[in-house]
Amino acid sequence: MKRRSDIVIKMQILEAVRREPRGPTRLAQAVNLSFDKCVPYLQSLEQKGFLTRETREGRDVYQITQSGIDAFLEWEKLWEKLGP
């Protein structure tokens with residue numbers, strides 16, 4: 001099985017949150033990571049300003065920011081040009 005790069009995992013997280021704001025457990029499931037491995041990616045994306053976290057009904061929910069959308073769209077264009 002091929003190992004995904006950190007950037008691919010981060011872009012998959014952005015893509016998942018772009019479709020629908022989610023909590024960390026649902027995000028980990030969406031990108032096929034364990035919760036413990038997903039959390040550092042979420043923290044990194046939040047620190048860089050690509051995600052925001054808010055508490056809804058006592059639970060954290062991540063949303064993509066405009067910077068996150070812009071970064072994802074640029075990555076998507078590059079990915080299409082270069083291919084997997």
# chains A, B, ... in the order shown; residues from 1 in each chain; ligands from 1

call {"tool": "residues_around", "arguments": {"residues": "Leu14 of chain A", "least_positions_apart": "3", "cutoff": "8 Å", "atoms": "only C-alpha atoms", "output": "PDB file with N, CA and C atoms, in the first residue's frame"}}
result
ATOM      1  N   LYS A  10      -3.278  16.696   4.117  1.00  0.00           N
ATOM      2  CA  LYS A  10      -3.806  18.023   4.451  1.00  0.00           C
ATOM      3  C   LYS A  10      -4.818  18.491   3.415  1.00  0.00           C
ATOM      4  N   MET A  11      -4.547  18.238   2.153  1.00  0.00           N
ATOM      5  CA  MET A  11      -5.491  18.648   1.116  1.00  0.00           C
ATOM      6  C   MET A  11      -6.769  17.813   1.180  1.00  0.00           C
ATOM      7  N   VAL A  17     -13.597  19.187   4.631  1.00  0.00           N
ATOM      8  CA  VAL A  17     -14.207  20.296   5.378  1.00  0.00           C
ATOM      9  C   VAL A  17     -14.883  21.275   4.424  1.00  0.00           C
ATOM     10  N   ARG A  18     -14.349  21.389   3.232  1.00  0.00           N
ATOM     11  CA  ARG A  18     -14.958  22.265   2.228  1.00  0.00           C
ATOM     12  C   ARG A  18     -16.360  21.770   1.883  1.00  0.00           C
ATOM     13  N   PHE A  50      -5.932  27.995   7.700  1.00  0.00           N
ATOM     14  CA  PHE A  50      -6.718  27.328   6.671  1.00  0.00           C
ATOM     15  C   PHE A  50      -8.020  26.753   7.215  1.00  0.00           C
ATOM     16  N   LEU A  51      -8.056  26.526   8.516  1.00  0.00           N
ATOM     17  CA  LEU A  51      -9.251  26.020   9.189  1.00  0.00           C
ATOM     18  C   LEU A  51      -9.542  26.883  10.410  1.00  0.00           C
ATOM     19  N   ILE A  64     -13.584  25.436   6.911  1.00  0.00           N
ATOM     20  CA  ILE A  64     -12.518  25.933   6.057  1.00  0.00           C
ATOM     21  C   ILE A  64     -12.620  27.459   5.967  1.00  0.00           C
ATOM     22  N   GLY A  68      -8.012  28.737   3.234  1.00  0.00           N
ATOM     23  CA  GLY A  68      -8.027  27.293   3.013  1.00  0.00           C
ATOM     24  C   GLY A  68      -8.627  26.930   1.671  1.00  0.00           C
ATOM     25  N   ILE A  69      -9.707  27.621   1.301  1.00  0.00           N
ATOM     26  CA  ILE A  69     -10.330  27.392  -0.005  1.00  0.00           C
ATOM     27  C   ILE A  69      -9.358  27.756  -1.114  1.00  0.00           C
ATOM     28  N   PHE A  72      -6.578  25.177  -1.331  1.00  0.00           N
ATOM     29  CA  PHE A  72      -7.080  23.929  -1.905  1.00  0.00           C
ATOM     30  C   PHE A  72      -7.264  24.048  -3.412  1.00  0.00           C
TER      31      PHE A  72
END

call {"tool": "residues_around", "arguments": {"residues": "segment 1-5 of chain A", "least_positions_apart": "3", "cutoff": "12 Å", "atoms": "only C-alpha atoms", "output": "list in words"}}
result
Val8, Ile9, Lys10, Met11, Gln12, Val31, Asn32, Leu33, Tyr41 and Pro84 of chain A

call {"tool": "closest_residue", "arguments": {"among": "A:Ser67, A:Glu15, A:Lys48, A:Gln43", "to": "Ala30 of chain A", "atoms": "only C-alpha atoms"}}
result
A:Glu15

call {"tool": "closest_residue", "arguments": {"among": "A:Leu73, A:Ile13, A:Val61, A:Leu82", "to": "Ser44 of chain A", "atoms": "only C-alpha atoms"}}
result
A:Ile13

call {"tool": "atom_distance", "arguments": {"atom1": "atom CA of Gln29 of chain A", "atom2": "atom CA of Lys81 of chain A"}}
result
28.2 Å
